[in-house]
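What follows is one structure encoded as structure tokens, with my remarks underneath.
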Protein chains: 4
Amino acid sequence: MSIKKICVVVTARPSYSRIKTALTAIKNHPNLELQLVIAGSALLGRYGNAVEVIEKDGFTIAEKVFMVLEGENPTSMAKTTGLGVMELANVFYRLKPDAVITIADRFETIATSIAASYQNIPLIHIQGGEVTGNIDEKVRHANTKLADLHLVASEDAKQRVLKMGEDPNMVFNTGCPSIDLANQIKSNSALDFDPILKYGGVGAEVNWKEEGYIVVMQHPVTTEYASARKDVEATLNAVHELNIPTFWFWPNVDAGSDGTSGGIRAFRENSKPKTIHFFKNMEPNDFLKLLVNSKCLIGNSSVGVRECSYLAVPVVNIGTRQHKRQRGNNIIDVSYNKDAIKKAILERISNTTITSESIYGDGDAGAKIAEVLANVPLGFHKTITY
Amino acid sequence: MSIKKICVVVTARPSYSRIKTALTAIKNHPNLELQLVIAGSALLGRYGNAVEVIEKDGFTIAEKVFMVLEGENPTSMAKTTGLGVMELANVFYRLKPDAVITIADRFETIATSIAASYQNIPLIHIQGGEVTGNIDEKVRHANTKLADLHLVASEDAKQRVLKMGEDPNMVFNTGCPSIDLANQIKSNSALDFDPILKYGGVGAEVNWKEEGYIVVMQHPVTTEYASARKDVEATLNAVHELNIPTFWFWPNVDAGSDGTSGGIRAFRENSKPKTIHFFKNMEPNDFLKLLVNSKCLIGNSSVGVRECSYLAVPVVNIGTRQHKRQRGNNIIDVSYNKDAIKKAILERISNTTITSESIYGDGDAGAKIAEVLANVPLGFHKTITY
Amino acid sequence: MSIKKICVVVTARPSYSRIKTALTAIKNHPNLELQLVIAGSALLGRYGNAVEVIEKDGFTIAEKVFMVLEGENPTSMAKTTGLGVMELANVFYRLKPDAVITIADRFETIATSIAASYQNIPLIHIQGGEVTGNIDEKVRHANTKLADLHLVASEDAKQRVLKMGEDPNMVFNTGCPSIDLANQIKSNSALDFDPILKYGGVGAEVNWKEEGYIVVMQHPVTTEYASARKDVEATLNAVHELNIPTFWFWPNVDAGSDGTSGGIRAFRENSKPKTIHFFKNMEPNDFLKLLVNSKCLIGNSSVGVRECSYLAVPVVNIGTRQHKRQRGNNIIDVSYNKDAIKKAILERISNTTITSESIYGDGDAGAKIAEVLANVPLGFHKTITY
Amino acid sequence: MSIKKICVVVTARPSYSRIKTALTAIKNHPNLELQLVIAGSALLGRYGNAVEVIEKDGFTIAEKVFMVLEGENPTSMAKTTGLGVMELANVFYRLKPDAVITIADRFETIATSIAASYQNIPLIHIQGGEVTGNIDEKVRHANTKLADLHLVASEDAKQRVLKMGEDPNMVFNTGCPSIDLANQIKSNSALDFDPILKYGGVGAEVNWKEEGYIVVMQHPVTTEYASARKDVEATLNAVHELNIPTFWFWPNVDAGSDGTSGGIRAFRENSKPKTIHFFKNMEPNDFLKLLVNSKCLIGNSSVGVRECSYLAVPVVNIGTRQHKRQRGNNIIDVSYNKDAIKKAILERISNTTITSESIYGDGDAGAKIAEVLANVPLGFHKTITY
């Protein structure tokens, strides 16, 4: 049996956690060879320098692709994607992979899909079939229609991909690799590091050891660009008024990120918050330990829906970003309203009935993904089933 | 009621026939304003200079977009598409349309879809929901998932778009504007011009007036790039041996076009065919008259499936390009085999039972499209229906 | 006499001051029409949002061009320039100017030069013929060789352009428009605003009213990318230790700007300087008033060489960025050394012999430029003179 | 002594002859390593597929860069160049050469210069300092100003580069590698192959063996785009009327090539010339033998100025393309006028006084170039000498 070359394109910090255990499994599989491409904001210091974490984790990087166009409007998102298609077309032309993996639904992931499928390289889509609304929704399902093989993260997602007309022989529910990481720390979840000592960051020296802490991670919702700043201010003020020690993570790159970042920066200058400490980034394992030991996660990260459901971490989910995504009993949903956010946080941190659920897998997604890749015959001709 | 600005992007000669009557209806509608963008091969002399025909038809061109990258492999198709996203993002940023129309399923049409949807401009997809196989299949359905409004050409297509999870309030079967053109010439179908006199072209001075003639239009099938030349040679040899006066049209641009064009060019030098005359392009109306008065259309053009079904023109459809597309009684399908092609042509030109069918509309698609555009509220938020 | 359409491309905040009075003169000239294109970092909030100042000054913007690629290495500078060529080629194709003006020597200015000259549009280069060393040096002289008409800022520069083989009929010493602005405020130089009140900014509430202040503006030197952070730290520490009220301006965009910005940001967090206030940007007139009333300008801005020479403002020029540029008696040069910088600042602020010089013009450059544009016949064929 | 990695970018068929012996010398030098990049029209079948010849000659290709944008106006030339900068920036980022070589003055060569110099890679310009007029003139001298080391082809060129202000220690007259090829065949110049048998081509089976033949190679002059077709028609008609067996070579890629190609194609269809045979391409050695044994070279190729001067081949040089380039006694210059061209051809083919000259070297340029590369210390900081 010949070795299959599997090219994986990681374009952002959060995508790395969604694929890390699969990367390891591919790298270690006797019949697979990993070609890892790091692109977009995963290369940029402003967005957490994911590339350094990836290299530290022992992965060899086959190519780096600089493709993020600066700007403060959705035009730059579109142009970044177009540039990504051009650059990734070159990359695949050089690497000649047997298949390419595109991950989930960030706007630039369709660049990977086009560059591969147009060159007749079998395209594998990870984590399709979910539902959110907004531009991610369009991108995710378009990726599904460009892909030849679908490795989804939940049974719900699998049924949706099948309904869209994909071949049942090419749709597999492997679970989500992010749950693998959650599983790894489940048995070893003590917070064995000092977040501020290890990761620096800026802001107040919060008294987290004695009082406990909450975690905030709020990304701009790109189709509501103009209000990104206002949205984040509701959360900033709610958290500020609660006066609980808080670890706040900067947002990742997209059209509104300057709105969100600007809002945070202005708030820091003006309100000089005494209970909020800000981080740019954290290694995935450390981040999960931080969550497990927190009182609550606040914001709109999909981590709240996935890992936190598995780890039984309380979550206050704000706004429309995770709209309609399947969720567990750990979540309470609120709108961009200061008082509603405050009330929800207080409710969650006092709730004692939250239990773990396996909606997104049992912790073996990476291994399952590698097995499917090794065993399923890959092609690039497909026709809708109806 | 305010005027809606509708931006239509035409990227190739054949797409123009698929939208022409809709362009006229939009232009003439009191509540609509047409912003016509001509891009890609529609601007290039090598591919028929569609832009000249369009200007001659009285349309004002808002922008011209040069985006076709030269090359002889699928890499250039991908890069052309990426460049198209970048360029069209600029165009929509400047024109600020209320909605953008992308047409059908050529590879570069997804550039229009991304540039519009990423900038939160409502996207309208014309002629989705059909089935063909190969890269067009992937592109067409990806366009569907990026689009907010669907104007499909047949009932069959409408049902398929709905099954894919699109909102029933946003899917309309308007029929295909190409049938409108066919309808216009139905009552006035005499061949009132001399094709060679009017269009020049190269090759033999065939005796079409007395002997009648067949028409050939064969495009490369892009996912079978390497064999494009071999494929066209089967047809060239079949037609050459039949010795019937033939009007042959050069292919449109894509990864294999140099293979197809090269095959034709070599054949001309070597075999010096005495019964084949070659054209680069023809005005849509004249082309339809040519078809109505022909003995048979040979090749893989979708004109065979659509207009010829409505006009009851016999068709020999070669290979996989129209694979699974709904078809009428006028068509006979064959593979890339010289003898099979010869046999099929002889069968078709002697068949007297072919009748007209309205699978792709009744000849009023342009007007219906303009009405939907004027009356349906357009947005850019959507969620899959299941 | 027909109207000549003059397209000016402004790509960065500092370039605007170098052209502003010429823009006004072109706009007001009966035989000229201004087509103003704003591109690159001039559109970005991170780099001072020059576009807002320009619009507030009453100029109509013909096109905005987003072209800055994010990244932390010189590769992104090159790619930004390539993208600029592609985008500006489109812009000139649409605007059809009679001539295009490219300004000075920033890396992306060659994009303007190529996009114009390759399309046979007469190219005008402003402020060629000067000497600095590093990549600006290469870009400036390459712009000269691509340009058809040269409007230089000093006699020294004129002689150098002629020596390079340019046609003497096409080289004019108009002086620099930045001196026009300096001239305007010479008779009205009182600091009639409170910088912190008007411009906000971040950092200490320095006691500038009573103690006076110094101004710092230090840009990264791109060919010494790795050391940008170290370079700025020398200045930060020198200024910090001197304990004089300081207004510090953030750097403009290029490959090392994250190094410089990062150095400043880290210094603020760690050293919490009590006498430094930071600004992102200031209207050109206000900035000049700030300089005239300061004790000294420190850094490597060309403002120190030009405007400050005319206005007799003392300058400590650090490092190689203004290397070999003609300078007046107001300047003292030092290397990236904390102690040398401290010593030079102390020397300058106590020096009372500094006098005004007119090396870069007498304050009528804008009007002279418009006159040359209106009267000199423009072409795009040229041959070296020897 | 460590090995220097020398990256050479070949962007077109004619450039290959200008560098071939240097490529071999670099490849074979113990202290040099060759990184060969093939880009632009050198990859395209329409322009002679230079890449096949290069591979057949035994060179390993490090990267292929598809960057030619289709189009029929100068806009596509500019955009091709911009795309080239973006693509080549990636290539140099990956290959990490110690120096990059850009060749002569084709429009896209400046892409190589920018991509290298902006990334602080020492840039070497081959064949600068010559004079022609038109866009090549601007590009060539701009390349000189971006380059750190200059390897020129004649004493005249060396003096011109020095006058432009380049460092005398970095300017070397090595002669032109094209003369090396001419030198190789000088002692073995018999026409030992049948051109039509070996290279195919299209058109008449001319009686070259008995009657002798002339050779035509005419490229479009890009700044006179609109008249490219008219220009080539003068030559076509002149040659047609002379009725001498003719070998005609298709033009290389630039903005007017469709005009020139279109003119030739139309002429073939309409005039059915009986004495002209057309070739797309020929191996350099064979081409030189063809020239040595011809009666005369007609057109505007620089081969007429260089190789033909060394080989004493009579040349009729048409139009402005070689304007002001240093030339020998073998050349007669004419304008785009049928009768003038006819008269000049008749004069040249009967002239018996033409002698060989060594203006562009003695046949050892390749070896000299490799020696300079191995021994001269390379840097990327430079300042004009005056």
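Order determines the names: the first chain of the structure tokens is A, the second B, and so forth; residues in each chain are numbered 1 upward, and ligands are numbered 1 upward as they are shown.
Residues of region 157-380 of chain C carrying a DSSP assignment of strand (DSSP E or B), computed from the backbone, are Val171, Phe172, Asn173, Val202, Gly203, Ile214, Val215, Val216, Met217, Thr246, Phe247, Trp248, Phe249, Ile276, His277, Phe278, Phe279, Leu297, Ile298, Gly299, Val315, Val316, Asn317, Ile318, Ile331, Ile332, Asp333 and Val334 of chain C.
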Since we have the selection now, will you write its residues out, keeping N, CA and C atoms, as an mmCIF file, in the first residue's frame?
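Okay, this is what ended up in part38.cif:
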data_model
loop_
_atom_site.group_PDB
_atom_site.id
_atom_site.type_symbol
_atom_site.label_atom_id
_atom_site.label_comp_id
_atom_site.auth_asym_id
_atom_site.auth_seq_id
_atom_site.Cartn_x
_atom_site.Cartn_y
_atom_site.Cartn_z
ATOM 1 N N VAL C 171 13.291 68.336 -16.278
ATOM 2 C CA VAL C 171 13.671 68.340 -14.856
ATOM 3 C C VAL C 171 13.503 69.761 -14.302
ATOM 4 N N PHE C 172 12.674 69.922 -13.286
ATOM 5 C CA PHE C 172 12.382 71.242 -12.716
ATOM 6 C C PHE C 172 12.557 71.217 -11.198
ATOM 7 N N ASN C 173 13.294 72.204 -10.685
ATOM 8 C CA ASN C 173 13.388 72.357 -9.238
ATOM 9 C C ASN C 173 12.253 73.258 -8.763
ATOM 10 N N VAL C 202 -2.385 58.363 23.980
ATOM 11 C CA VAL C 202 -2.314 57.602 25.226
ATOM 12 C C VAL C 202 -1.032 57.963 25.970
ATOM 13 N N GLY C 203 -0.980 57.619 27.240
ATOM 14 C CA GLY C 203 0.246 57.822 28.001
ATOM 15 C C GLY C 203 0.116 58.948 29.014
ATOM 16 N N ILE C 214 9.835 68.102 24.061
ATOM 17 C CA ILE C 214 10.510 67.630 22.846
ATOM 18 C C ILE C 214 9.542 66.717 22.079
ATOM 19 N N VAL C 215 9.851 66.487 20.782
ATOM 20 C CA VAL C 215 8.997 65.648 19.923
ATOM 21 C C VAL C 215 9.836 64.500 19.381
ATOM 22 N N VAL C 216 9.272 63.296 19.388
ATOM 23 C CA VAL C 216 9.995 62.146 18.822
ATOM 24 C C VAL C 216 9.180 61.500 17.711
ATOM 25 N N MET C 217 9.850 61.202 16.611
ATOM 26 C CA MET C 217 9.226 60.472 15.506
ATOM 27 C C MET C 217 10.302 59.574 14.907
ATOM 28 N N THR C 246 7.556 64.843 26.698
ATOM 29 C CA THR C 246 7.814 64.341 25.346
ATOM 30 C C THR C 246 6.509 63.977 24.638
ATOM 31 N N PHE C 247 6.389 64.423 23.377
ATOM 32 C CA PHE C 247 5.301 63.951 22.505
ATOM 33 C C PHE C 247 5.895 62.980 21.492
ATOM 34 N N TRP C 248 5.421 61.766 21.537
ATOM 35 C CA TRP C 248 6.005 60.702 20.697
ATOM 36 C C TRP C 248 4.962 60.255 19.659
ATOM 37 N N PHE C 249 5.370 60.185 18.394
ATOM 38 C CA PHE C 249 4.457 59.758 17.321
ATOM 39 C C PHE C 249 4.744 58.313 16.894
ATOM 40 N N ILE C 276 6.192 60.786 28.919
ATOM 41 C CA ILE C 276 5.968 60.597 27.467
ATOM 42 C C ILE C 276 4.481 60.414 27.171
ATOM 43 N N HIS C 277 3.987 61.214 26.211
ATOM 44 C CA HIS C 277 2.627 61.061 25.723
ATOM 45 C C HIS C 277 2.700 60.641 24.248
ATOM 46 N N PHE C 278 1.851 59.686 23.853
ATOM 47 C CA PHE C 278 1.935 59.115 22.504
ATOM 48 C C PHE C 278 0.768 59.546 21.628
ATOM 49 N N PHE C 279 1.084 59.948 20.374
ATOM 50 C CA PHE C 279 0.044 60.293 19.399
ATOM 51 C C PHE C 279 0.132 59.351 18.197
ATOM 52 N N LEU C 297 13.393 68.213 17.813
ATOM 53 C CA LEU C 297 12.803 67.007 17.235
ATOM 54 C C LEU C 297 13.850 65.905 17.279
ATOM 55 N N ILE C 298 13.422 64.713 17.733
ATOM 56 C CA ILE C 298 14.343 63.583 17.824
ATOM 57 C C ILE C 298 13.800 62.438 16.955
ATOM 58 N N GLY C 299 14.684 61.714 16.287
ATOM 59 C CA GLY C 299 14.242 60.554 15.517
ATOM 60 C C GLY C 299 14.912 60.487 14.169
ATOM 61 N N VAL C 315 17.278 69.633 15.664
ATOM 62 C CA VAL C 315 16.957 68.231 15.368
ATOM 63 C C VAL C 315 18.098 67.314 15.788
ATOM 64 N N VAL C 316 17.745 66.246 16.487
ATOM 65 C CA VAL C 316 18.690 65.150 16.687
ATOM 66 C C VAL C 316 18.271 64.024 15.754
ATOM 67 N N ASN C 317 19.092 63.778 14.723
ATOM 68 C CA ASN C 317 18.766 62.778 13.709
ATOM 69 C C ASN C 317 19.488 61.474 14.040
ATOM 70 N N ILE C 318 18.700 60.396 14.204
ATOM 71 C CA ILE C 318 19.268 59.133 14.683
ATOM 72 C C ILE C 318 19.395 58.123 13.540
ATOM 73 N N ILE C 331 20.731 70.440 12.327
ATOM 74 C CA ILE C 331 20.784 68.999 12.593
ATOM 75 C C ILE C 331 22.075 68.552 13.269
ATOM 76 N N ILE C 332 21.922 67.632 14.209
ATOM 77 C CA ILE C 332 23.077 66.914 14.732
ATOM 78 C C ILE C 332 22.772 65.426 14.545
ATOM 79 N N ASP C 333 23.746 64.677 14.036
ATOM 80 C CA ASP C 333 23.534 63.260 13.741
ATOM 81 C C ASP C 333 24.131 62.374 14.821
ATOM 82 N N VAL C 334 23.390 61.343 15.222
ATOM 83 C CA VAL C 334 23.917 60.374 16.193
ATOM 84 C C VAL C 334 23.524 58.952 15.773
#
Contacts of Gly379 (chain C) at 8 Å (only C-alpha atoms; same-chain gap of 3+ positions) as an MDAnalysis selection string: chainID C and resid 121:122 148
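The nearest approach to chain D among the residues B:Val152, B:Ile19, B:Ala78, B:Ile61, with only C-alpha atoms taken into account, belongs to B:Ala78.
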I'd like a table as a Markdown table: residues in chain B with an atom no more than 6 Å from chain D, each row giving the shortest atom pair and its distance in Å to one decimal, only C-alpha atoms counted, sorted by chain and rising residue number.
| residue | atom | partner | partner_atom | distance |
| --- | --- | --- | --- | --- |
| B:Val68 | CA | D:Glu70 | CA | 5.4 |
| B:Leu69 | CA | D:Leu69 | CA | 4.3 |
| B:Glu70 | CA | D:Val68 | CA | 5.4 |
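Ranking A:Ser271, A:Asn49, A:Asn183, A:Ser178 by their shortest atom-to-atom distance to Ala22 (chain A), with only C-alpha atoms included, puts A:Ser178 first.
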Neighbour list for Ser358 (chain A) as a list in words, cut-off 8 Å, only C-alpha atoms, skip fewer than 4 positions in-chain: Ser309, Tyr310 and Asp362 of chain A
Could the residues in this selection be saved with all heavy atoms as a PDB file, in the first residue's frame?
ATOM      1  N   SER A 309     -18.967  21.832  26.647  1.00  0.00           N
ATOM      2  CA  SER A 309     -20.056  20.868  26.841  1.00  0.00           C
ATOM      3  C   SER A 309     -19.480  19.545  27.347  1.00  0.00           C
ATOM      4  O   SER A 309     -19.995  18.930  28.278  1.00  0.00           O
ATOM      5  CB  SER A 309     -20.791  20.673  25.514  1.00  0.00           C
ATOM      6  OG  SER A 309     -21.504  19.465  25.527  1.00  0.00           O
ATOM      7  N   TYR A 310     -18.396  19.118  26.740  1.00  0.00           N
ATOM      8  CA  TYR A 310     -17.754  17.860  27.130  1.00  0.00           C
ATOM      9  C   TYR A 310     -17.163  17.957  28.536  1.00  0.00           C
ATOM     10  O   TYR A 310     -17.188  16.998  29.309  1.00  0.00           O
ATOM     11  CB  TYR A 310     -16.669  17.540  26.105  1.00  0.00           C
ATOM     12  CG  TYR A 310     -15.987  16.206  26.308  1.00  0.00           C
ATOM     13  CD1 TYR A 310     -16.630  15.018  25.964  1.00  0.00           C
ATOM     14  CD2 TYR A 310     -14.696  16.135  26.813  1.00  0.00           C
ATOM     15  CE1 TYR A 310     -15.994  13.791  26.132  1.00  0.00           C
ATOM     16  CE2 TYR A 310     -14.057  14.916  26.987  1.00  0.00           C
ATOM     17  CZ  TYR A 310     -14.710  13.733  26.636  1.00  0.00           C
ATOM     18  OH  TYR A 310     -14.081  12.520  26.807  1.00  0.00           O
ATOM     19  N   ASP A 362     -16.066  11.362  21.453  1.00  0.00           N
ATOM     20  CA  ASP A 362     -15.663  10.696  22.691  1.00  0.00           C
ATOM     21  C   ASP A 362     -14.185  10.854  22.997  1.00  0.00           C
ATOM     22  O   ASP A 362     -13.656  10.239  23.912  1.00  0.00           O
ATOM     23  CB  ASP A 362     -15.980   9.202  22.596  1.00  0.00           C
ATOM     24  CG  ASP A 362     -17.469   8.961  22.470  1.00  0.00           C
ATOM     25  OD1 ASP A 362     -18.222   9.475  23.319  1.00  0.00           O
ATOM     26  OD2 ASP A 362     -17.867   8.281  21.501  1.00  0.00           O
TER      27      ASP A 362
END
Between CA of Asn207 (chain D) and CA of Asn243 (chain D), distance in Å (one decimal): 10.8 Å
Write out as a PDB file with N, CA, C and O atoms, in the first residue's frame the residues lying within 12 Å of Ser187 (chain D), counting only C-alpha atoms and excluding same-chain residues fewer than 6 positions away.
ATOM      1  N   LEU D 181      27.341  31.334 -27.533  1.00  0.00           N
ATOM      2  CA  LEU D 181      26.676  30.349 -28.396  1.00  0.00           C
ATOM      3  C   LEU D 181      27.084  30.563 -29.856  1.00  0.00           C
ATOM      4  O   LEU D 181      27.327  29.611 -30.589  1.00  0.00           O
ATOM      5  N   LYS D 289      22.684  28.479 -36.486  1.00  0.00           N
ATOM      6  CA  LYS D 289      23.121  27.863 -37.747  1.00  0.00           C
ATOM      7  C   LYS D 289      22.222  28.318 -38.897  1.00  0.00           C
ATOM      8  O   LYS D 289      22.706  28.579 -40.009  1.00  0.00           O
ATOM      9  N   VAL D 292      23.394  31.818 -39.786  1.00  0.00           N
ATOM     10  CA  VAL D 292      24.689  31.871 -40.470  1.00  0.00           C
ATOM     11  C   VAL D 292      24.551  31.485 -41.940  1.00  0.00           C
ATOM     12  O   VAL D 292      25.221  32.039 -42.806  1.00  0.00           O
ATOM     13  N   LEU D 311      28.597  37.173 -36.052  1.00  0.00           N
ATOM     14  CA  LEU D 311      28.621  36.127 -37.075  1.00  0.00           C
ATOM     15  C   LEU D 311      28.627  36.690 -38.495  1.00  0.00           C
ATOM     16  O   LEU D 311      28.625  35.938 -39.466  1.00  0.00           O
TER      17      LEU D 311
END
